[in-house]
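S.K.: Following this message is one structure expressed as C-alpha cells.
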Amino acid sequence: MGLRTIADHIMDIVQNSFNAGATRIVLTIIENSSGTFYFKVEDNGRGMDEEELQKVFDPFYTTRDHRIRKVGLGLPFLKYAAELTGGKVSIQSQKGVGTIVEATFNTRHVDCQDVGDLAGTISTLLLMANDVELVVKRFKDEEGYQLSSSELKQKFGDLSSPIVMKVVFDLIEELEASLKKG
C-alpha cells in the first residue's frame, strides 16, 4: 500500500491496531481551518515494551512474521511525512496495555500530503471492525461527529451486507460533506 495521503497513514495505523489484537480502538481526527490536521489512534492491543518502542521508526524493524514482511515502513513514513510539514509524531505504549499514536500535520505547508479520502477510509475501517469496537471521533473547527462500529451493528445488523455497506459509505460521505460546508 502506498502511503500517499494522510488518510492512507490513518488506515495503516488503525490496521496496526487490528493486527496487535486490539478489541477497542479510538480514532480521533481533528482538523481546523488554520491548517492543522491531527489524528490519534488509541488501542488496547498487545502494546510494546521500551525496547520495541525504541525501534518503531526503524524501517528495517517490524513485529510481523519475517516470512511475511521484513520491513515496517508505515511508522517511519508517517514520521517523515508529518515532520516534513513542521508537524510531529509521538507514540506511547505499554506491553499488555496498548498503544497511542498521535500525528500532527501542517496542511498549509507546500510538502504536506493531501488529506485524501477520509470518508472512504473511515467507512472502510468501521466496516472492517468485526469483533473490534472502533470509535471514530471526527472534528473540523467547531463541528463534528462520533460513530462506533457497535452503534452501526446495532442499527444495521450485518455490516458485510452490500446494501448496509453502501448505506454506511453514504452516511460517512454525508457527514464529511457537512463538515466541509461548515
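Chain lettering (A, B, ...) mirrors the order of the C-alpha cells, residue numbering begins at 1 for each chain separately, and ligand numbering begins at 1 in order of display.
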Excluding Asn44 (chain A) and any residue of its chain fewer than 2 positions from it, enumerate the residues within 8 Å of it, using only C-alpha atoms, and give them as a ChimeraX atom specification.

M.R.: /A:21-25,42,46-47,96-99

S.K.: Filtering to C-alpha atoms, could you give me those residues as a short mmCIF file (atom, residue, chain, number, x, y, z; two decimals), in the first residue's frame?

M.R.:
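For reference, result.cif as written:
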```
data_model
loop_
_atom_site.label_atom_id
_atom_site.label_comp_id
_atom_site.auth_asym_id
_atom_site.auth_seq_id
_atom_site.Cartn_x
_atom_site.Cartn_y
_atom_site.Cartn_z
CA GLY A 21 -5.10 -7.85 18.75
CA ALA A 22 -6.94 -4.74 19.96
CA THR A 23 -10.56 -5.19 20.99
CA ARG A 24 -11.14 -1.44 21.32
CA ILE A 25 -9.71 1.31 19.12
CA GLU A 42 -5.54 4.65 20.77
CA ARG A 46 -0.70 -6.07 22.93
CA GLY A 47 1.40 -2.91 23.27
CA GLY A 96 -0.12 -5.73 27.66
CA VAL A 97 -2.00 -2.41 27.86
CA GLY A 98 -1.98 -0.81 24.42
CA THR A 99 -0.58 1.91 22.22
#
```

S.K.: Using DSSP on the backbone coordinates, identify all residues within region 8-109 of chain A classified as alpha helix (DSSP H); present the result as a count of residues only.

M.R.: 29

S.K.: May I ask for the distance between CA of Tyr145 (chain A) and CA of Met165 (chain A), given in Å to one decimal place?

M.R.: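 Computing the Euclidean distance for CA of Tyr145 (chain A) and CA of Met165 (chain A) yields 19.0 Å.
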
S.K.: Counting only C-alpha atoms, what is within 9 Å of Glu50 (chain A), bar same-chain residues fewer than 3 positions away, as an MDAnalysis selection string?

M.R.: chainID A and resid 53:55 93:95

S.K.: What does the distance from CA of Asn32 (chain A) to CA of Asp141 (chain A) come to in Å, to one decimal?

M.R.: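 Value for the CA of Asn32 (chain A)-CA of Asp141 (chain A) distance: 4.7 Å.
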